[in-house]
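> File query01.pdb below, PDB, C-alpha atoms, pLDDT in the B column:
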```pdb
ATOM      1  CA  MET A 185     -66.992  22.480-143.606  1.00 68.00           C
ATOM      2  CA  LEU A 186     -64.054  21.416-141.455  1.00 81.00           C
ATOM      3  CA  ASP A 187     -61.780  20.633-144.395  1.00 82.00           C
ATOM      4  CA  ASP A 188     -62.406  24.074-145.922  1.00 79.00           C
ATOM      5  CA  ALA A 189     -61.631  25.784-142.606  1.00 85.00           C
ATOM      6  CA  LEU A 190     -58.396  23.822-142.200  1.00 90.00           C
ATOM      7  CA  ALA A 191     -57.365  24.623-145.769  1.00 87.00           C
ATOM      8  CA  GLU A 192     -57.934  28.302-144.979  1.00 86.00           C
ATOM      9  CA  PHE A 193     -55.863  27.927-141.807  1.00 90.00           C
ATOM     10  CA  ARG A 194     -52.962  26.376-143.696  1.00 90.00           C
ATOM     11  CA  LEU A 195     -53.155  29.041-146.408  1.00 88.00           C
ATOM     12  CA  GLY A 196     -53.052  31.827-143.837  1.00 86.00           C
ATOM     13  CA  ARG A 197     -50.208  30.185-141.932  1.00 89.00           C
ATOM     14  CA  VAL A 198     -48.062  29.750-145.040  1.00 89.00           C
ATOM     15  CA  GLU A 199     -48.826  33.253-146.335  1.00 84.00           C
ATOM     16  CA  ARG A 200     -47.677  34.776-143.058  1.00 85.00           C
ATOM     17  CA  GLY A 201     -44.723  32.478-142.513  1.00 89.00           C
ATOM     18  CA  ILE A 202     -46.082  31.231-139.181  1.00 91.00           C
ATOM     19  CA  SER A 203     -44.751  27.872-138.047  1.00 93.00           C
ATOM     20  CA  GLN A 204     -46.883  25.133-136.553  1.00 94.00           C
ATOM     21  CA  GLN A 205     -44.748  25.466-133.429  1.00 93.00           C
ATOM     22  CA  ARG A 206     -45.788  29.107-132.973  1.00 92.00           C
ATOM     23  CA  VAL A 207     -49.437  28.147-133.343  1.00 92.00           C
ATOM     24  CA  ALA A 208     -49.008  25.305-130.859  1.00 92.00           C
ATOM     25  CA  ILE A 209     -47.493  27.625-128.250  1.00 90.00           C
ATOM     26  CA  ALA A 210     -50.224  30.226-128.776  1.00 88.00           C
ATOM     27  CA  ILE A 211     -53.114  27.803-128.261  1.00 89.00           C
ATOM     28  CA  GLY A 212     -51.469  25.539-125.671  1.00 90.00           C
ATOM     29  CA  ARG A 213     -51.125  22.454-127.847  1.00 92.00           C
ATOM     30  CA  SER A 214     -48.202  20.385-129.076  1.00 94.00           C
ATOM     31  CA  ASP A 215     -46.505  20.743-132.473  1.00 93.00           C
ATOM     32  CA  ALA A 216     -47.622  17.222-133.344  1.00 94.00           C
ATOM     33  CA  TRP A 217     -51.234  18.038-132.464  1.00 95.00           C
ATOM     34  CA  VAL A 218     -51.251  21.092-134.741  1.00 94.00           C
ATOM     35  CA  SER A 219     -49.688  19.120-137.606  1.00 94.00           C
ATOM     36  CA  TRP A 220     -52.148  16.252-137.140  1.00 95.00           C
ATOM     37  CA  THR A 221     -55.069  18.661-137.068  1.00 94.00           C
ATOM     38  CA  GLU A 222     -53.938  20.733-140.046  1.00 94.00           C
ATOM     39  CA  THR A 223     -53.625  17.645-142.239  1.00 92.00           C
ATOM     40  CA  GLY A 224     -57.190  16.584-141.423  1.00 91.00           C
ATOM     41  CA  GLY A 225     -56.456  13.795-138.980  1.00 91.00           C
ATOM     42  CA  ASN A 226     -58.360  15.367-136.094  1.00 91.00           C
ATOM     43  CA  ARG A 227     -61.985  14.746-137.014  1.00 87.00           C
ATOM     44  CA  THR A 228     -63.244  15.633-133.515  1.00 88.00           C
ATOM     45  CA  LEU A 229     -61.683  19.099-133.507  1.00 89.00           C
ATOM     46  CA  SER A 230     -63.681  21.422-131.270  1.00 87.00           C
ATOM     47  CA  VAL A 231     -65.046  24.744-132.473  1.00 85.00           C
ATOM     48  CA  VAL A 232     -63.032  26.497-129.742  1.00 83.00           C
ATOM     49  CA  ASP A 233     -59.724  25.005-130.936  1.00 89.00           C
ATOM     50  CA  LEU A 234     -60.545  25.632-134.597  1.00 90.00           C
ATOM     51  CA  PHE A 235     -61.354  29.298-133.988  1.00 87.00           C
ATOM     52  CA  ALA A 236     -58.191  29.671-131.892  1.00 87.00           C
ATOM     53  CA  MET A 237     -56.110  28.263-134.745  1.00 91.00           C
ATOM     54  CA  LEU A 238     -57.741  30.560-137.289  1.00 90.00           C
ATOM     55  CA  ALA A 239     -57.139  33.580-135.055  1.00 87.00           C
ATOM     56  CA  CYS A 240     -53.393  32.757-135.003  1.00 89.00           C
ATOM     57  CA  VAL A 241     -53.210  33.267-138.776  1.00 87.00           C
ATOM     58  CA  ASP A 242     -55.477  36.313-138.841  1.00 80.00           C
ATOM     59  CA  ARG A 243     -58.513  34.427-140.057  1.00 79.00           C
ATOM     60  CA  GLU A 244     -61.952  34.728-138.520  1.00 69.00           C
ATOM     61  CA  GLY A 245     -64.258  31.785-138.024  1.00 65.00           C
ATOM     62  CA  SER A 246     -68.030  31.933-137.855  1.00 61.00           C
ATOM     63  CA  LEU A 247     -70.600  29.451-136.686  1.00 59.00           C
ATOM     64  CA  ARG A 248     -74.000  29.235-138.375  1.00 56.00           C
ATOM     65  CA  VAL A 249     -76.853  27.542-136.555  1.00 53.00           C
ATOM     66  CA  TYR A 250     -79.782  26.272-138.600  1.00 51.00           C
ATOM     67  CA  LEU A 251     -83.285  25.397-137.579  1.00 48.00           C
ATOM     68  CA  GLY A 252     -83.610  21.690-138.135  1.00 48.00           C
ATOM     69  CA  GLY A 253     -86.437  19.903-139.849  1.00 46.00           C
ATOM     70  CA  GLY A 254     -89.194  18.564-137.662  1.00 46.00           C
ATOM     71  CA  GLY A 255     -89.046  21.412-135.162  1.00 49.00           C
ATOM     72  CA  LEU A 256     -92.107  22.587-133.289  1.00 47.00           C
ATOM     73  CA  ARG A 257     -94.082  25.444-134.810  1.00 56.00           C
ATOM     74  CA  ASP A 258     -96.080  27.893-132.799  1.00 63.00           C
ATOM     75  CA  SER A 259     -99.836  28.100-133.304  1.00 70.00           C
ATOM     76  CA  GLY A 260     -99.441  31.296-135.327  1.00 77.00           C
ATOM     77  CA  GLN A 261     -97.268  29.548-137.917  1.00 83.00           C
ATOM     78  CA  VAL A 262     -99.705  26.657-138.162  1.00 84.00           C
ATOM     79  CA  ARG A 263    -102.626  29.036-138.778  1.00 86.00           C
ATOM     80  CA  LEU A 264    -100.569  31.044-141.268  1.00 89.00           C
ATOM     81  CA  LEU A 265     -99.697  27.988-143.334  1.00 91.00           C
ATOM     82  CA  ALA A 266    -103.289  26.743-143.224  1.00 91.00           C
ATOM     83  CA  GLU A 267    -104.581  30.128-144.400  1.00 92.00           C
ATOM     84  CA  PHE A 268    -102.014  30.212-147.191  1.00 94.00           C
ATOM     85  CA  ARG A 269    -103.035  26.760-148.373  1.00 93.00           C
ATOM     86  CA  ASN A 270    -106.669  27.844-148.505  1.00 93.00           C
ATOM     87  CA  LEU A 271    -105.765  30.843-150.661  1.00 94.00           C
ATOM     88  CA  ILE A 272    -103.760  29.096-153.370  1.00 95.00           C
ATOM     89  CA  SER A 273    -104.919  26.798-156.152  1.00 95.00           C
ATOM     90  CA  SER A 274    -105.448  23.134-155.359  1.00 94.00           C
ATOM     91  CA  ALA A 275    -103.238  22.446-158.398  1.00 95.00           C
ATOM     92  CA  TRP A 276    -100.207  23.045-156.182  1.00 96.00           C
ATOM     93  CA  ASP A 277     -98.826  19.846-154.696  1.00 95.00           C
ATOM     94  CA  TRP A 278     -98.237  20.512-150.986  1.00 95.00           C
ATOM     95  CA  GLN A 279     -95.438  18.865-148.973  1.00 93.00           C
ATOM     96  CA  MET A 280     -94.486  19.734-145.402  1.00 89.00           C
ATOM     97  CA  GLU A 281     -90.973  19.753-143.939  1.00 86.00           C
ATOM     98  CA  VAL A 282     -88.881  19.216-147.072  1.00 89.00           C
ATOM     99  CA  GLY A 283     -85.214  18.901-146.189  1.00 89.00           C
ATOM    100  CA  MET A 284     -82.076  19.830-148.089  1.00 90.00           C
ATOM    101  CA  PRO A 285     -80.659  17.287-150.569  1.00 90.00           C
ATOM    102  CA  ILE A 286     -77.396  17.337-148.598  1.00 86.00           C
ATOM    103  CA  PRO A 287     -76.461  14.442-146.279  1.00 83.00           C
ATOM    104  CA  GLY A 288     -76.471  15.542-142.653  1.00 78.00           C
ATOM    105  CA  ASP A 289     -78.037  18.951-143.372  1.00 82.00           C
ATOM    106  CA  LEU A 290     -80.928  19.443-140.927  1.00 78.00           C
ATOM    107  CA  ARG A 291     -82.462  22.500-142.557  1.00 87.00           C
ATOM    108  CA  ALA A 292     -85.918  22.198-144.074  1.00 89.00           C
ATOM    109  CA  TRP A 293     -88.545  24.324-145.776  1.00 93.00           C
ATOM    110  CA  ASP A 294     -91.777  24.635-143.824  1.00 92.00           C
ATOM    111  CA  VAL A 295     -93.571  23.745-147.057  1.00 94.00           C
ATOM    112  CA  VAL A 296     -92.632  23.054-150.656  1.00 96.00           C
ATOM    113  CA  ILE A 297     -95.297  23.478-153.336  1.00 97.00           C
ATOM    114  CA  ARG A 298     -95.033  22.226-156.927  1.00 96.00           C
ATOM    115  CA  ALA A 299     -97.098  22.950-160.038  1.00 94.00           C
ATOM    116  CA  ALA A 300     -96.738  24.231-163.575  1.00 80.00           C
ATOM    117  CA  GLY A 301     -93.116  23.089-163.735  1.00 91.00           C
ATOM    118  CA  CYS A 302     -92.258  25.330-160.769  1.00 96.00           C
ATOM    119  CA  THR A 303     -91.031  24.363-157.305  1.00 97.00           C
ATOM    120  CA  ILE A 304     -91.374  26.884-154.474  1.00 98.00           C
ATOM    121  CA  GLY A 305     -89.944  26.757-150.968  1.00 97.00           C
ATOM    122  CA  VAL A 306     -92.088  28.468-148.337  1.00 96.00           C
ATOM    123  CA  ASP A 307     -91.103  29.586-144.841  1.00 94.00           C
ATOM    124  CA  ALA A 308     -93.658  31.019-142.415  1.00 92.00           C
ATOM    125  CA  GLU A 309     -92.607  33.801-140.045  1.00 90.00           C
ATOM    126  CA  THR A 310     -95.057  35.127-137.487  1.00 88.00           C
ATOM    127  CA  ARG A 311     -92.799  38.074-136.590  1.00 87.00           C
ATOM    128  CA  LEU A 312     -90.151  39.812-138.724  1.00 86.00           C
ATOM    129  CA  ARG A 313     -87.679  40.512-135.940  1.00 81.00           C
ATOM    130  CA  ASP A 314     -84.559  40.436-138.149  1.00 83.00           C
ATOM    131  CA  LEU A 315     -85.372  40.626-141.842  1.00 85.00           C
ATOM    132  CA  GLN A 316     -81.715  40.467-142.900  1.00 85.00           C
ATOM    133  CA  ALA A 317     -81.154  37.249-140.963  1.00 84.00           C
ATOM    134  CA  ILE A 318     -84.327  35.720-142.396  1.00 88.00           C
ATOM    135  CA  ASP A 319     -83.264  36.750-145.895  1.00 91.00           C
ATOM    136  CA  ARG A 320     -79.822  35.151-145.511  1.00 89.00           C
ATOM    137  CA  ARG A 321     -81.333  31.930-144.221  1.00 90.00           C
ATOM    138  CA  VAL A 322     -83.927  31.718-146.984  1.00 93.00           C
ATOM    139  CA  MET A 323     -81.437  32.557-149.751  1.00 93.00           C
ATOM    140  CA  LEU A 324     -79.052  29.846-148.558  1.00 92.00           C
ATOM    141  CA  LYS A 325     -81.894  27.344-148.465  1.00 92.00           C
ATOM    142  CA  GLN A 326     -82.975  28.304-151.973  1.00 94.00           C
ATOM    143  CA  ARG A 327     -79.418  27.886-153.224  1.00 93.00           C
ATOM    144  CA  ASP A 328     -78.836  24.559-151.505  1.00 93.00           C
ATOM    145  CA  SER A 329     -82.243  22.988-152.200  1.00 94.00           C
ATOM    146  CA  GLY A 330     -82.475  24.048-155.837  1.00 94.00           C
ATOM    147  CA  VAL A 331     -86.075  25.315-155.662  1.00 96.00           C
ATOM    148  CA  ASP A 332     -87.123  27.765-158.366  1.00 97.00           C
ATOM    149  CA  ARG A 333     -88.698  30.331-156.043  1.00 97.00           C
ATOM    150  CA  ALA A 334     -88.673  31.227-152.368  1.00 97.00           C
ATOM    151  CA  ILE A 335     -91.548  32.727-150.417  1.00 97.00           C
ATOM    152  CA  ILE A 336     -91.482  34.255-146.957  1.00 96.00           C
ATOM    153  CA  LEU A 337     -94.981  34.119-145.530  1.00 94.00           C
ATOM    154  CA  VAL A 338     -95.927  36.645-142.835  1.00 94.00           C
ATOM    155  CA  PRO A 339     -99.200  37.784-141.254  1.00 93.00           C
ATOM    156  CA  SER A 340    -100.325  41.356-141.736  1.00 91.00           C
ATOM    157  CA  THR A 341     -99.659  42.685-138.251  1.00 90.00           C
ATOM    158  CA  ARG A 342     -98.690  46.226-137.325  1.00 90.00           C
ATOM    159  CA  ALA A 343     -95.213  45.043-136.251  1.00 90.00           C
ATOM    160  CA  ASN A 344     -94.585  43.208-139.524  1.00 89.00           C
ATOM    161  CA  ARG A 345     -95.833  46.072-141.676  1.00 89.00           C
ATOM    162  CA  GLU A 346     -93.592  48.467-139.780  1.00 90.00           C
ATOM    163  CA  ALA A 347     -90.619  46.098-140.127  1.00 89.00           C
ATOM    164  CA  LEU A 348     -91.103  45.977-143.901  1.00 88.00           C
ATOM    165  CA  ARG A 349     -91.462  49.752-144.140  1.00 88.00           C
ATOM    166  CA  SER A 350     -88.380  50.346-141.995  1.00 86.00           C
ATOM    167  CA  ALA A 351     -86.268  47.854-143.956  1.00 82.00           C
ATOM    168  CA  GLY A 352     -86.892  49.692-147.213  1.00 79.00           C
ATOM    169  CA  PRO A 353     -86.750  48.364-150.795  1.00 77.00           C
ATOM    170  CA  ASP A 354     -83.060  47.390-150.624  1.00 80.00           C
ATOM    171  CA  ALA A 355     -83.830  44.747-147.998  1.00 79.00           C
ATOM    172  CA  LEU A 356     -86.327  43.138-150.389  1.00 86.00           C
ATOM    173  CA  VAL A 357     -84.103  43.056-153.463  1.00 93.00           C
ATOM    174  CA  ASN A 358     -84.207  39.237-153.423  1.00 94.00           C
ATOM    175  CA  TYR A 359     -88.041  39.311-153.381  1.00 95.00           C
ATOM    176  CA  PRO A 360     -89.037  41.413-156.405  1.00 95.00           C
ATOM    177  CA  ILE A 361     -92.611  40.152-156.813  1.00 95.00           C
ATOM    178  CA  ARG A 362     -95.276  42.146-154.983  1.00 94.00           C
ATOM    179  CA  SER A 363     -97.267  40.264-152.381  1.00 94.00           C
ATOM    180  CA  ALA A 364    -100.600  40.702-154.162  1.00 94.00           C
ATOM    181  CA  ASP A 365     -99.160  39.708-157.556  1.00 97.00           C
ATOM    182  CA  ALA A 366     -97.493  36.579-156.146  1.00 96.00           C
ATOM    183  CA  LEU A 367    -100.657  35.518-154.365  1.00 95.00           C
ATOM    184  CA  ARG A 368    -102.746  36.112-157.501  1.00 96.00           C
ATOM    185  CA  ALA A 369    -100.421  33.884-159.534  1.00 96.00           C
ATOM    186  CA  LEU A 370    -100.535  31.142-156.908  1.00 96.00           C
ATOM    187  CA  ARG A 371    -104.330  31.307-156.849  1.00 95.00           C
ATOM    188  CA  ASP A 372    -104.271  30.734-160.606  1.00 95.00           C
ATOM    189  CA  GLY A 373    -101.787  27.866-160.317  1.00 95.00           C
ATOM    190  CA  ARG A 374     -99.102  29.926-162.081  1.00 95.00           C
ATOM    191  CA  ASP A 375     -95.410  30.524-161.451  1.00 96.00           C
ATOM    192  CA  PRO A 376     -95.229  33.915-159.674  1.00 96.00           C
ATOM    193  CA  GLY A 377     -92.100  34.721-161.685  1.00 95.00           C
ATOM    194  CA  GLY A 378     -89.765  35.365-158.766  1.00 96.00           C
ATOM    195  CA  ASN A 379     -89.313  35.326-155.025  1.00 97.00           C
ATOM    196  CA  ALA A 380     -91.802  37.149-152.825  1.00 96.00           C
ATOM    197  CA  VAL A 381     -92.653  38.172-149.306  1.00 95.00           C
ATOM    198  CA  ILE A 382     -96.365  37.437-149.058  1.00 96.00           C
ATOM    199  CA  VAL A 383     -98.234  39.336-146.383  1.00 94.00           C
ATOM    200  CA  LEU A 384    -101.460  37.562-145.510  1.00 91.00           C
ATOM    201  CA  PRO A 385    -104.331  39.396-143.851  1.00 80.00           C
ATOM    202  CA  ARG A 386    -105.308  37.966-140.517  1.00 64.00           C
ATOM    203  CA  PRO A 387    -108.154  35.498-140.957  1.00 53.00           C
ATOM    204  CA  ARG A 388    -111.388  36.865-139.611  1.00 52.00           C
ATOM    205  CA  PRO A 389    -112.857  34.960-136.654  1.00 50.00           C
ATOM    206  CA  PRO A 390    -116.022  33.073-137.523  1.00 46.00           C
ATOM    207  CA  ARG A 391    -119.175  35.058-136.922  1.00 50.00           C
ATOM    208  CA  ALA A 392    -121.362  33.761-134.142  1.00 49.00           C
ATOM    209  CA  ALA A 393    -124.569  32.224-135.343  1.00 45.00           C
ATOM    210  CA  VAL A 394    -127.631  34.303-134.604  1.00 46.00           C
ATOM    211  CA  ARG A 395    -130.558  32.295-133.353  1.00 48.00           C
ATOM    212  CA  ALA A 396    -133.957  33.644-134.179  1.00 48.00           C
ATOM    213  CA  ASP A 397    -136.463  33.213-131.386  1.00 50.00           C
ATOM    214  CA  THR A 398    -139.749  31.811-132.520  1.00 43.00           C
TER     215      THR A 398
END
```
What would you get if you wrote out this structure as structure tokens?


Amino acid sequence: MLDDALAEFRLGRVERGISQQRVAIAIGRSDAWVSWTETGGNRTLSVVDLFAMLACVDREGSLRVYLGGGGLRDSGQVRLLAEFRNLISSAWDWQMEVGMPIPGDLRAWDVVIRAAGCTIGVDAETRLRDLQAIDRRVMLKQRDSGVDRAIILVPSTRANREALRSAGPDALVNYPIRSADALRALRDGRDPGGNAVIVLPRPRPPRAAVRADT
């Protein structure tokens, strides 16, 4: 939030005894501009100027980019979600693209399911390229949306299995429920009891019909 960043800037400036004039000279702005910005008057402050100000008081800014709701999914994600829906109990209410209850927040769960007094946010990932980044994103969404459980849904590919093995148990500390146990609970319409990474086997292609010659 801009106001939080500016409060941090002011705190750092005061702690270090740095005047607004020194900041203005360092970033090529006027004293009045720095004062106006610090007090929250500049509501169109650019990210570049904000980060420059924070750097002057030995603070570091970061920019987080979220996937917005309504984005396009690849065909693999669509198939993964469809397979998952076929594997769980029909008792689960199924809702696509559920956003955060925060005005202006564009993040959304791929799916939210509800049953047995339990609400679960589900995100489908066709490839686990950066498990830590996925974990951070999912944990923030769980915190901000207030769902009871979070599930990361991935297909059982060689790359994904290797990614999970390489990450080790510490990377899955936020997902204590085993894939098979979580899926079994969802099939029964029960709360899985915690977050889980569910690895779904690839659906088998339909077998070609064999025509008997008569």

> What is the distance between CA of Leu312 in chain A and CA of Val338 in chain A, in Å to one decimal?

7.8 Å

> Check which residues satisfy the PyMOL selection byres ((chain A and resi 260) around 10) in the file shown, then give them as a list in words.

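Written out, the selection comes to Arg257, Asp258, Ser259, Gln261, Val262, Arg263, Leu264, Leu265, Ala266, Ala308, Glu309, Thr310, Arg311, Val338 and Pro339 of chain A.
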
> Give one line per residue of range 240-345 of chain A that approaches range 189-205 of chain A to at most 9 Å, naming the two atoms of the closest pair and their distance in Å to one decimal, counting all atoms listed in the file; sort by chain then ascending residue number and deliver it as CSV.


```
residue,atom,partner,partner_atom,distance
A:Cys240,CA,A:Arg197,CA,8.0
A:Val241,CA,A:Gly196,CA,5.3
A:Asp242,CA,A:Gly196,CA,7.1
A:Arg243,CA,A:Gly196,CA,7.1
A:Gly245,CA,A:Ala189,CA,8.0
```

> Under the PyMOL selection byres ((chain A and resi 369) around 12), which residues of this model are included? Write them out as a list in words.

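The output of the PyMOL selection byres ((chain A and resi 369) around 12) on this file is Leu271, Ile272, Ser273, Ala275, Trp276, Ala299, Ala300, Cys302, Ile361, Arg362, Ser363, Ala364, Asp365, Ala366, Leu367, Arg368, Leu370, Arg371, Asp372, Gly373, Arg374, Asp375, Pro376, Gly377, Gly378, Ala380 and Ile382 of chain A.
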
> Tell me, in Å to one decimal, how far CA of Pro360 in chain A is from CA of Ile304 in chain A.

14.8 Å

> State, in Å with one decimal place, the distance from CA of Thr223 in chain A to CA of Leu238 in chain A.

14.4 Å

> I need the residue nearest Ile318 in chain A from this list: A:Leu234, A:Pro287, A:Arg345, A:Asn358. Use all atoms listed in the file for the distance.

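The closest residue to Ile318 in chain A is A:Asn358.
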
> What would the selection look like, as a list in words, if the PyMOL selection byres ((chain A and resi 307) around 9) were run on the coordinates I just shared?

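Taken over the shown coordinates, the PyMOL selection byres ((chain A and resi 307) around 9) returns Leu265, Trp293, Asp294, Val295, Val296, Gly305, Val306, Ala308, Glu309, Val322, Ala334, Ile335, Ile336, Leu337 and Val338 of chain A.
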
> Given only C-alpha atoms as the basis, pick out the residue of A:Asp319, A:Glu222, A:Glu267, A:Asp354 nearest to Asp188 in chain A.

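Smallest separation from Asp188 in chain A among the options: A:Glu222.
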
> Provide an axis-aligned box for all listed atoms of range 312-318 of chain A, padding each side by 3 Å; report its centre and its edge lengths in Å to one decimal, as lines of an AutoDock Vina configuration file.


```
center_x = -85.7
center_y = 38.2
center_z = -139.4
size_x = 15.0
size_y = 10.9
size_z = 13.0
```

> Between A:Ser274, A:Arg298, A:Asp187, A:Val207, which is the closest to Gly224 in chain A once you count all atoms listed in the file?

A:Asp187

> Which neighbours of Gln316 in chain A fall inside 9 Å, counting only C-alpha atoms, when residues of the same chain fewer than 4 positions from it are skipped, and could you give them as a short mmCIF file (atom, residue, chain, number, x, y, z; two decimals) with C-alpha atoms, in the frame of the given file?


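The resulting file, part.cif, is reproduced below:
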```
data_model
loop_
_atom_site.label_atom_id
_atom_site.label_comp_id
_atom_site.auth_asym_id
_atom_site.auth_seq_id
_atom_site.Cartn_x
_atom_site.Cartn_y
_atom_site.Cartn_z
CA ARG A 320 -79.82 35.15 -145.51
CA ARG A 321 -81.33 31.93 -144.22
CA ALA A 351 -86.27 47.85 -143.96
CA ALA A 355 -83.83 44.75 -148.00
#
```
